[in-house]
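So this one's coords19.cif, mmCIF, C-alpha atoms and all ligand atoms:
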```
data_upload
#
loop_
_atom_site.label_atom_id
_atom_site.label_comp_id
_atom_site.auth_asym_id
_atom_site.auth_seq_id
_atom_site.Cartn_x
_atom_site.Cartn_y
_atom_site.Cartn_z
CA MET W 1 51.56 -12.74 38.63
CA GLY W 2 53.18 -14.44 35.61
CA ASN W 3 52.79 -13.02 32.14
CA LYS W 4 50.82 -16.03 30.96
CA LYS W 5 48.39 -15.82 33.87
CA ARG W 6 47.89 -12.10 33.25
CA MET W 7 47.21 -12.73 29.58
CA ILE W 8 44.63 -15.37 30.41
CA LYS W 9 42.94 -12.94 32.82
CA MET W 10 43.00 -10.23 30.14
CA PHE W 11 41.56 -12.62 27.62
CA SER W 12 38.68 -13.73 29.83
CA LEU W 13 37.90 -10.10 30.67
CA LEU W 14 37.78 -9.26 26.96
CA THR W 15 35.56 -12.29 26.36
CA ILE W 16 33.13 -11.15 29.06
CA MET W 17 33.13 -7.61 27.63
CA PHE W 18 32.48 -8.99 24.17
CA ILE W 19 29.57 -11.12 25.36
CA LEU W 20 28.20 -8.17 27.37
CA SER W 21 28.33 -5.80 24.42
CA PHE W 22 26.74 -8.42 22.23
CA SER W 23 23.82 -8.94 24.61
CA LEU W 24 23.47 -5.14 24.97
CA ASN W 25 23.16 -4.89 21.20
CA VAL W 26 20.53 -7.60 21.18
CA ASN W 27 18.58 -5.69 23.84
CA ALA W 28 18.84 -2.46 21.90
CA GLU W 29 17.60 -4.22 18.79
CA GLY W 30 14.55 -5.51 20.66
CA GLY W 31 13.89 -2.06 22.11
CA ILE W 32 13.59 -0.18 18.83
CA ASP W 33 10.18 1.43 18.67
CA ASN W 34 9.28 2.14 15.07
CA ASN W 35 6.24 4.01 16.29
CA ASP W 36 8.32 6.68 18.01
CA TYR W 37 8.34 9.65 15.64
CA SER W 38 10.38 11.70 18.11
CA ASN W 39 13.37 9.88 16.60
CA GLU W 40 13.00 12.27 13.68
CA VAL W 41 15.56 14.99 14.26
CA VAL W 42 15.71 17.51 11.44
CA PRO W 43 17.61 20.81 11.23
CA GLY W 44 16.03 24.23 10.68
CA HIS W 45 12.84 25.97 11.86
CA GLU W 46 9.30 24.80 11.31
CA LYS W 47 7.01 27.11 9.39
CA THR W 48 3.50 27.12 10.85
CA GLU W 49 1.67 27.80 7.61
CA ARG W 50 1.77 24.66 5.47
CA TRP W 51 1.62 24.07 1.74
CA SER W 52 3.78 27.11 0.99
CA TYR W 53 6.72 25.15 -0.41
CA THR W 54 4.90 21.98 -1.40
CA SER W 55 2.74 21.60 -4.46
CA SER W 56 1.77 17.92 -4.34
CA ILE W 57 2.34 14.60 -2.56
CA ASN W 58 1.44 11.12 -3.78
CA SER W 59 2.00 7.95 -1.80
CA TYR W 60 1.02 4.33 -2.09
CA LEU W 61 1.87 0.92 -0.74
CA THR W 62 2.34 -2.25 -2.74
CA ILE W 63 2.52 -5.73 -1.20
CA ASP W 64 3.31 -8.67 -3.45
CA THR W 65 2.12 -12.25 -3.00
CA ASN W 66 4.97 -13.25 -0.67
CA GLY W 67 4.48 -10.21 1.62
CA SER W 68 7.32 -8.07 0.28
CA SER W 69 6.21 -4.46 0.88
CA THR W 70 7.31 -1.31 -0.95
CA SER W 71 6.55 2.30 -0.10
CA THR W 72 6.31 4.70 -3.00
CA CYS W 73 6.15 8.41 -2.26
CA THR W 74 6.58 11.38 -4.58
CA VAL W 75 6.87 14.93 -3.29
CA THR W 76 6.87 17.93 -5.58
CA GLY W 77 7.78 21.33 -4.20
CA TYR W 78 7.63 24.74 -5.84
CA GLN W 79 10.71 24.84 -8.01
CA SER W 80 11.52 28.44 -7.10
CA LEU W 81 11.24 27.84 -3.32
CA ALA W 82 11.93 24.23 -2.28
CA THR W 83 15.60 23.37 -1.74
CA LYS W 84 15.55 20.13 0.24
CA ILE W 85 13.08 17.33 1.03
CA ILE W 86 13.30 14.70 3.78
CA ILE W 87 10.93 11.73 3.70
CA TYR W 88 10.47 9.34 6.62
CA THR W 89 8.33 6.39 5.57
CA TYR W 90 6.73 3.90 7.99
CA LEU W 91 5.05 0.57 7.29
CA GLN W 92 1.99 0.41 9.53
CA LYS W 93 -0.08 -2.62 10.50
CA TYR W 94 -3.66 -2.40 11.80
CA GLN W 95 -3.72 -4.10 15.17
CA ASN W 96 -6.21 -4.02 18.07
CA GLY W 97 -7.97 -0.97 16.65
CA SER W 98 -4.94 1.17 15.89
CA TRP W 99 -2.09 1.58 13.42
CA VAL W 100 1.29 0.37 14.63
CA SER W 101 4.54 1.03 12.77
CA VAL W 102 6.53 -2.13 12.11
CA ASP W 103 9.34 -0.81 9.89
CA SER W 104 10.72 2.51 8.69
CA GLY W 105 13.25 4.22 6.47
CA SER W 106 14.26 7.73 5.42
CA SER W 107 15.82 9.58 2.49
CA THR W 108 17.03 13.13 1.92
CA PHE W 109 16.92 14.93 -1.44
CA TYR W 110 18.63 18.23 -2.18
CA SER W 111 16.04 19.24 -4.74
CA TRP W 112 12.51 20.60 -5.20
CA HIS W 113 11.41 17.08 -6.17
CA ALA W 114 11.75 13.77 -4.30
CA ALA W 115 10.70 10.23 -5.14
CA ILE W 116 11.25 7.09 -3.08
CA GLU W 117 10.57 3.46 -3.81
CA TYR W 118 11.52 2.02 -0.44
CA PRO W 119 11.48 -1.77 0.04
CA PHE W 120 10.79 -2.55 3.71
CA SER W 121 12.84 -5.31 5.31
CA VAL W 122 9.83 -6.46 7.35
CA TYR W 123 7.40 -8.58 5.34
CA ALA W 124 3.64 -8.22 5.65
CA SER W 125 1.84 -11.12 7.33
CA TRP W 126 -1.20 -12.53 5.60
CA GLY W 127 -4.51 -11.68 7.27
CA ARG W 128 -3.71 -8.04 8.10
CA ASP W 129 -4.35 -4.50 6.84
CA TYR W 130 -1.35 -2.30 6.03
CA ARG W 131 -0.67 1.28 5.00
CA THR W 132 2.29 3.64 4.97
CA TYR W 133 2.68 6.80 6.98
CA ASN W 134 5.01 9.35 5.39
CA SER W 135 6.41 12.15 7.50
CA ILE W 136 7.64 14.78 5.05
CA TYR W 137 9.81 17.86 5.60
CA VAL W 138 10.01 20.31 2.71
CA TYR W 139 12.65 23.03 3.09
CA SER W 140 13.25 26.45 1.72
CA GLY W 141 16.68 27.27 3.08
CA ASP W 142 16.58 26.82 6.89
CA SER W 143 12.83 26.88 7.14
CA TYR W 144 10.65 23.81 6.60
CA GLU W 145 7.05 22.73 6.57
CA HIS W 146 6.03 19.32 7.93
CA ILE W 147 3.32 17.34 6.18
CA ASN W 148 1.86 13.91 7.04
CA ALA W 149 0.72 11.71 4.17
CA TYR W 150 -0.91 8.28 4.39
CA SER W 151 -1.11 5.73 1.60
CA ASN W 152 -4.03 3.59 0.54
CA VAL W 153 -4.99 0.77 2.94
CA HIS W 154 -3.78 -2.52 1.54
CA HIS W 155 -6.13 -5.33 2.61
CA TYR W 156 -3.67 -8.18 2.76
CA HIS W 157 -6.20 -10.93 3.51
CA SER W 158 -8.88 -12.96 1.79
CA SER W 159 -12.19 -11.21 1.17
CA SER W 160 -13.93 -13.68 3.48
CA ASP W 161 -11.67 -12.89 6.46
CA SER W 162 -12.56 -9.62 8.18
CA SER W 163 -11.20 -10.57 11.61
CA ASN W 164 -8.40 -7.95 11.55
CA CYS W 165 -9.91 -5.60 8.99
CA ILE W 166 -10.32 -1.84 9.50
CA SER W 167 -13.62 -1.75 7.58
ZN ZN H 1 -8.84 -5.38 5.47
#
```
Output the structure of this file as structure tokens.
Amino acid sequence: MGNKKRMIKMFSLLTIMFILSFSLNVNAEGGIDNNDYSNEVVPGHEKTERWSYTSSINSYLTIDTNGSSTSTCTVTGYQSLATKIIIYTYLQKYQNGSWVSVDSGSSTFYSWHAAIEYPFSVYASWGRDYRTYNSIYVYSGDSYEHINAYSNVHHYHSSSDSSNCIS
């Protein structure tokens, strides 16, 4: 086989591999399940008794007129105990009688206090109810407590439209 022929064969093989990897990426993108909390992998040991390291949690969701959604969550631990805080925040949409996560993000703070103002990349669609679910890990050394916190429900629809409304 000539060098040129071999190069062409190499090139077409690379092209096929490139296209394959690209389509695999596209598949993976479509397969992301933002409702799968088992994706949360945190180090350390869970403490069964809660609210030992955490003093207060506040969370709310804002949606502006074009659907841009922001999760705000503030976690305050006991200053003498809490050493690290991990916040996973999920944008949830009310759909067919249950809450479905449509976007998520996470932040880690090496402190007894944590505050996020997370802008989701997914926009809210008009006519729906939204809230955030915050999955919070507050550490004291290697040991952590896990606390779930939900925001207010944001009724992102006109008051006359209750077709997709939770209440
Ligand atoms: Zn509603």
*Name the residues in contact with Val75 of chain W at a cut-off of 12 Å, using only C-alpha atoms, excluding same-chain residues fewer than 6 positions from it; report them as a VMD selection string.*
chain W and resid 51 53 to 59 82 84 to 88 107 to 109 111 to 116 134 to 139 147 to 149
Would you save the residues from that selection as a compact mmCIF listing (two decimals), in the coordinates of the input, using C-alpha atoms?
```txt
# COMPACT_ATOMS: atom_id res chain seq x y z
CA TRP W 51 1.62 24.07 1.74
CA TYR W 53 6.72 25.15 -0.41
CA THR W 54 4.90 21.98 -1.40
CA SER W 55 2.74 21.60 -4.46
CA SER W 56 1.77 17.92 -4.34
CA ILE W 57 2.34 14.60 -2.56
CA ASN W 58 1.44 11.12 -3.78
CA SER W 59 2.00 7.95 -1.80
CA ALA W 82 11.93 24.23 -2.28
CA LYS W 84 15.55 20.13 0.24
CA ILE W 85 13.08 17.33 1.03
CA ILE W 86 13.30 14.70 3.78
CA ILE W 87 10.93 11.73 3.70
CA TYR W 88 10.47 9.34 6.62
CA SER W 107 15.82 9.58 2.49
CA THR W 108 17.03 13.13 1.92
CA PHE W 109 16.92 14.93 -1.44
CA SER W 111 16.04 19.24 -4.74
CA TRP W 112 12.51 20.60 -5.20
CA HIS W 113 11.41 17.08 -6.17
CA ALA W 114 11.75 13.77 -4.30
CA ALA W 115 10.70 10.23 -5.14
CA ILE W 116 11.25 7.09 -3.08
CA ASN W 134 5.01 9.35 5.39
CA SER W 135 6.41 12.15 7.50
CA ILE W 136 7.64 14.78 5.05
CA TYR W 137 9.81 17.86 5.60
CA VAL W 138 10.01 20.31 2.71
CA TYR W 139 12.65 23.03 3.09
CA ILE W 147 3.32 17.34 6.18
CA ASN W 148 1.86 13.91 7.04
CA ALA W 149 0.72 11.71 4.17
```
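Using only C-alpha atoms and all ligand atoms, the nearest neighbour of ligand ZN 1 (chain H) within the list W:Thr76, W:Thr83, W:Gln95, W:Ser104 is W:Gln95.
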*Compile the contact shell of Glu49 of chain W as an MDAnalysis selection string: residues with an atom at most 10 Å away, counting all atoms listed in the file, same-chain residues fewer than 2 positions apart removed.*
chainID W and resid 46:47 51:53 144:146
*With all atoms listed in the file as the atoms that count, which of W:Gly127, W:Pro119, W:Gly77, W:Gly141 lies nearest to ligand ZN 1 (chain H)?*
W:Gly127
*Could you please extract the residues within 6 Å of ligand ZN 1 (chain H), counting all atoms listed in the file, and hand them back as a PyMOL selection string?*
chain W and resi 129+155+165-166
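For Ser69 of chain W, the set of protein, DNA and RNA residues having any atom at most 7 Å away, when counting only C-alpha atoms and skipping those fewer than 3 positions along the same chain, is Thr62, Ile63, Asp64, Pro119, Phe120, Tyr123 and Ala124 of chain W.
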*Find the residues around Thr132 of chain W up to 10 Å (all atoms listed in the file counted), leave out those fewer than 6 positions away in its own chain, and share them as a PyMOL selection string.*
chain W and resi 59-62+69-73+89-93+99+101+103-104+149-154
